[in-house]
Amino acid sequence: MIVSIEKCMHCGACVGSCPQNAIFLNEVVLQFNEKCNKCGRCVRLCPAGALTMEGKK
Amino acid sequence: MKPDYDIIVVGAGPAGSKTAKHAAMKGARVLMIEKRQEIGASLRCAEGVNKKGLAKAGVEIDRRWVSADIAGAKLVSPGGKVFRIDESQAGNEVGMVLERHLFDKAMAAEAARAGAEIWLKTSAVDVIKDGETVVGVKALREGEPLKLTAGCVVAADGFESQVARWAGIDTTLKTGDITTCYQYRMANLKTEPDYCEFIIGSVAPGGYIWVFPKGDDTANVGIGVLASKLKKPGEVKAYLDSWIKKDPRLSCGQPLEALAGGVSVSPPVEKSVMDGLVLVGDSARIIDPITGGGIANGLLAGKFAGEVLGDCFQANDFSEKAMMPYDKKWRDAMENRLWRNWMAKEKFLTLSDKTLDGVIETLSTAHVDKMSVHNILIAIKENHPELVKEFEDLI
């Protein structure tokens with residue numbers, strides 16, 4: 001998953017919505033772990049439009 | 001072996017601070033960890049709360065954290081019909097808009113005065129388990145990895161709700177039970193300075209647009225859209241921007257702050273207690289599914305949790321069985337209401353703009369003197385019984 005650090009608002013909406021609990025927000029840094037199965041839920045619901053799936057524009 | 005702390009609270013929001021305070025008051029050694037460098041900031045909230053909710057949780061009002069007192073509410077339909085609730089006759093039970101950055105610090109300060117220790121810039125990254133029992137947390141304190149043991153861990157980590165899931169309690173939400181939000185603090189507005197406004201319908205699919213006054217010509221202007229209704233990234237902000245542009249009372253305003261967030265609009269968790277762990281506040285999915293409000297419920301659950309954990313500390317027993325009185329207390333206080341409002345939410349999101357216009361129009365002649373979801377549902381039951389027949393027993 002590609003995180004735009006310019007757009008991310010560190011709100012945690014993706015973290016609490018991730019069905020795999022695969023995202024971690026350490027105050028301002030968003031990290032995805034190996035449990036991410038690229039379901040795309042976070043990409044659609046990110047209020048800041050800060051997430052893109054790898055290999056997509 | 002004696003644990004490092006009797007109780008470790010993860011997250012210093014209102015629910016965590018309340019839990020920490022009440023447990024510390026009974027003599028427990030309490031540590032509350034907060035991943036951010038400042039409690040109560042940055043903001044993730046529309047800041048509305050009612051005084052009754054604060055009173056129930058034993059919170060005395062301090063003017064320093066009150067941003068604006070509210071005289072009433074306006075529910076606006078897609079076609080511009082207005083249902084106005086005037087609270088001037090409703091005594092002391094009216095609403096207010098907080099300064100969360102001050103309110104959260106005031107709650108944490110009470111925990112500190114009761115004897116709780118607070119660490120900032122400390123993130124929980126996992127729980128430590130011994131068999132099926134939670135016995136502590138793995139944390140990063142300013143980046144340094146630590147293992148902290150505790151008799152009981154309190155998951156007060158908000159919407160993220162990761163601590164519960166690390167421990168094995170499933171708090172995963174369906175997209176139909178998640179609201180994605182975006183909000184501006186705006187100045188130079190021409191909206192009413194003492195009325196909270198809720199704009200419903202397809203302008204905010206499955207949610208609403210809000211205007212919560214913050215004194216003079218400023219307000220929190222925000223939107224929540226149900227995640228299942230979102231099609232493309234960043235859409236929620238686009239919905240809000242397009243409404244602001246269209247509403248002349250808002251389009252003259254300018255933003256002072258922008259924020260985002262996720263809100264659960266689900267039924268509450270099935271399990272809020274396990275050996276060595278309790279869930280409080282947003283992490284237990286006890287936000288009101290109609291309003292998206294979570295402060296009052298979080299405070300009350302935190303108070304109950306702290307009191308029960310204090311007793312458990314004194315009895316030296318943090319088993320699921322010993323902590324069940326907490327589960328029972330919060331369910332008795334709010335579970336029926338949460339289920340009723342969830343069912344109401346499920347029903348209302350099926351209604352067309354035209355139907356909502358009709359509902360608001362008939363309600364506008366109804367007399368409701370206090371802005372609660374319950375009172376509004378009673379008025380709907382009287383005027384549109386077909387809309388609430390699936391859950392009328394709960395009204």
# chains A, B, ... in the order shown; residues from 1 in each chain; ligands from 1
>>> interface_residues(of="chain B", to="chain A", cutoff="7 Å", atoms="only C-alpha atoms", output="ChimeraX atom specification")
/B:35-36,44,123,159-162,172-173,180-182,227,230-234,236-237,259-262
>>> residues_around(residues="stretch 10-16 of chain B", least_positions_apart="4", cutoff="9 Å", atoms="only C-alpha atoms", output="PyMOL selection string")
chain B and resi 20-21+31-35+39-40+103-105+107-108+118+123-124+137+153-158+163+280-282+295-303
>>> write_last_selection(atoms="C-alpha atoms", output="JSON list (two decimals), in the first residue's frame")
[["chain", "number", "residue", "atom", "x", "y", "z"],
["B", 20, "ALA", "CA", -7.59, 5.46, 35.36],
["B", 21, "LYS", "CA", -9.03, 7.95, 37.83],
["B", 31, "LEU", "CA", -0.25, 3.60, 34.33],
["B", 32, "MET", "CA", -1.99, 5.36, 31.44],
["B", 33, "ILE", "CA", -0.08, 5.46, 28.15],
["B", 34, "GLU", "CA", -0.85, 7.83, 25.28],
["B", 35, "LYS", "CA", 0.77, 7.55, 21.87],
["B", 39, "ILE", "CA", -3.56, 14.68, 25.30],
["B", 40, "GLY", "CA", -6.69, 15.91, 23.51],
["B", 103, "PHE", "CA", -11.56, 18.76, 28.22],
["B", 104, "ASP", "CA", -9.37, 15.70, 27.64],
["B", 105, "LYS", "CA", -6.51, 17.28, 29.58],
["B", 107, "MET", "CA", -10.02, 14.45, 32.60],
["B", 108, "ALA", "CA", -6.41, 13.20, 32.49],
["B", 118, "ILE", "CA", 0.86, 9.07, 32.62],
["B", 123, "SER", "CA", 2.32, 3.38, 21.81],
["B", 124, "ALA", "CA", 1.04, -0.08, 22.63],
["B", 137, "VAL", "CA", 1.43, -4.86, 26.80],
["B", 153, "VAL", "CA", -4.97, -3.99, 30.62],
["B", 154, "VAL", "CA", -7.64, -1.47, 29.66],
["B", 155, "ALA", "CA", -8.28, -1.09, 25.92],
["B", 156, "ALA", "CA", -9.15, 2.61, 25.64],
["B", 157, "ASP", "CA", -7.54, 3.02, 22.23],
["B", 158, "GLY", "CA", -10.56, 4.53, 20.53],
["B", 163, "VAL", "CA", -5.69, -3.75, 21.72],
["B", 280, "VAL", "CA", -13.96, 0.97, 27.30],
["B", 281, "GLY", "CA", -15.23, 3.82, 25.11],
["B", 282, "ASP", "CA", -15.05, 3.83, 21.32],
["B", 295, "ILE", "CA", -18.08, 11.18, 24.73],
["B", 296, "ALA", "CA", -20.85, 10.65, 27.29],
["B", 297, "ASN", "CA", -21.01, 6.87, 26.75],
["B", 298, "GLY", "CA", -17.22, 6.65, 26.99],
["B", 299, "LEU", "CA", -17.11, 8.64, 30.22],
["B", 300, "LEU", "CA", -19.83, 6.54, 31.83],
["B", 301, "ALA", "CA", -18.27, 3.23, 30.75],
["B", 302, "GLY", "CA", -14.89, 4.50, 32.00],
["B", 303, "LYS", "CA", -16.37, 5.37, 35.38]]
>>> atom_distance(atom1="atom CA of A:Ser4", atom2="atom CA of A:Gly55")
14.5 Å
>>> closest_residue(among="B:Arg113, B:Lys271, B:Arg29, B:Lys190", to="B:Pro248", atoms="only C-alpha atoms")
B:Lys190
>>> residues_around(residues="A:Met1", least_positions_apart="2", cutoff="8 Å", atoms="only C-alpha atoms", output="tab-separated table (two decimals) with C-alpha atoms, in the first residue's frame")
chain	number	residue	atom	x	y	z
A	3	VAL	CA	0.72	6.19	1.78
A	32	PHE	CA	1.06	-1.72	6.92
A	38	LYS	CA	-4.96	-5.73	-0.31
A	51	LEU	CA	-3.90	5.68	0.16
A	52	THR	CA	-3.27	3.94	-3.16
A	53	MET	CA	-2.85	0.29	-3.95
A	54	GLU	CA	0.60	-0.60	-5.23
>>> select_by_dssp(residues="stretch 259-351 of chain B", states="alpha helix (DSSP H)", output="PDB file with C-alpha atoms, in the first residue's frame")
ATOM      1  CA  ILE B 295     -18.081  11.180  24.733  1.00  0.00           C
ATOM      2  CA  ALA B 296     -20.853  10.647  27.286  1.00  0.00           C
ATOM      3  CA  ASN B 297     -21.007   6.871  26.755  1.00  0.00           C
ATOM      4  CA  GLY B 298     -17.224   6.651  26.994  1.00  0.00           C
ATOM      5  CA  LEU B 299     -17.107   8.641  30.223  1.00  0.00           C
ATOM      6  CA  LEU B 300     -19.826   6.539  31.831  1.00  0.00           C
ATOM      7  CA  ALA B 301     -18.271   3.228  30.755  1.00  0.00           C
ATOM      8  CA  GLY B 302     -14.892   4.498  31.998  1.00  0.00           C
ATOM      9  CA  LYS B 303     -16.367   5.366  35.378  1.00  0.00           C
ATOM     10  CA  PHE B 304     -17.946   1.906  35.674  1.00  0.00           C
ATOM     11  CA  ALA B 305     -14.734   0.197  34.552  1.00  0.00           C
ATOM     12  CA  GLY B 306     -12.559   2.140  36.999  1.00  0.00           C
ATOM     13  CA  GLU B 307     -14.869   1.395  39.913  1.00  0.00           C
ATOM     14  CA  VAL B 308     -15.062  -2.324  39.130  1.00  0.00           C
ATOM     15  CA  LEU B 309     -11.321  -2.582  38.480  1.00  0.00           C
ATOM     16  CA  GLY B 310     -10.691  -0.852  41.797  1.00  0.00           C
ATOM     17  CA  ASP B 311     -12.714  -3.587  43.507  1.00  0.00           C
ATOM     18  CA  CYS B 312     -10.894  -6.275  41.502  1.00  0.00           C
ATOM     19  CA  PHE B 313      -7.568  -4.806  42.552  1.00  0.00           C
ATOM     20  CA  GLN B 314      -8.620  -4.929  46.195  1.00  0.00           C
ATOM     21  CA  ALA B 315      -9.721  -8.555  45.758  1.00  0.00           C
ATOM     22  CA  GLU B 320     -13.205 -12.304  33.413  1.00  0.00           C
ATOM     23  CA  LYS B 321     -15.673 -13.465  36.052  1.00  0.00           C
ATOM     24  CA  ALA B 322     -14.487 -10.899  38.613  1.00  0.00           C
ATOM     25  CA  MET B 323     -14.713  -8.052  36.067  1.00  0.00           C
ATOM     26  CA  MET B 324     -18.133  -9.024  34.645  1.00  0.00           C
ATOM     27  CA  PRO B 325     -19.957  -6.506  36.876  1.00  0.00           C
ATOM     28  CA  TYR B 326     -18.429  -3.849  34.586  1.00  0.00           C
ATOM     29  CA  ASP B 327     -19.959  -5.519  31.521  1.00  0.00           C
ATOM     30  CA  LYS B 328     -23.337  -5.694  33.238  1.00  0.00           C
ATOM     31  CA  LYS B 329     -23.241  -2.073  34.424  1.00  0.00           C
ATOM     32  CA  TRP B 330     -22.617  -0.500  31.035  1.00  0.00           C
ATOM     33  CA  ARG B 331     -25.073  -2.824  29.297  1.00  0.00           C
ATOM     34  CA  ASP B 332     -27.792  -1.941  31.827  1.00  0.00           C
ATOM     35  CA  ALA B 333     -27.078   1.749  31.284  1.00  0.00           C
ATOM     36  CA  MET B 334     -26.940   1.891  27.481  1.00  0.00           C
ATOM     37  CA  GLU B 335     -27.222  -1.366  25.557  1.00  0.00           C
ATOM     38  CA  ASN B 336     -30.948  -1.169  24.695  1.00  0.00           C
ATOM     39  CA  ARG B 337     -30.526   2.409  23.558  1.00  0.00           C
ATOM     40  CA  LEU B 338     -27.534   1.501  21.353  1.00  0.00           C
ATOM     41  CA  TRP B 339     -29.428  -1.354  19.693  1.00  0.00           C
ATOM     42  CA  ARG B 340     -32.530   0.803  19.186  1.00  0.00           C
ATOM     43  CA  ASN B 341     -30.503   3.573  17.585  1.00  0.00           C
ATOM     44  CA  TRP B 342     -28.628   1.089  15.414  1.00  0.00           C
ATOM     45  CA  MET B 343     -31.954  -0.267  14.135  1.00  0.00           C
ATOM     46  CA  ALA B 344     -33.175   3.282  13.547  1.00  0.00           C
ATOM     47  CA  LYS B 345     -29.984   4.035  11.595  1.00  0.00           C
ATOM     48  CA  GLU B 346     -30.445   0.907   9.455  1.00  0.00           C
ATOM     49  CA  LYS B 347     -34.013   2.015   8.665  1.00  0.00           C
ATOM     50  CA  PHE B 348     -33.297   5.681   7.987  1.00  0.00           C
TER      51      PHE B 348
END
>>> select_by_dssp(residues="chain A", states="strand (DSSP E)", output="list in words")
Ile2, Val3, Ile23, Phe24, Leu25, Asn26, Val29, Leu30, Gln31, Phe32, Leu51 and Thr52 of chain A
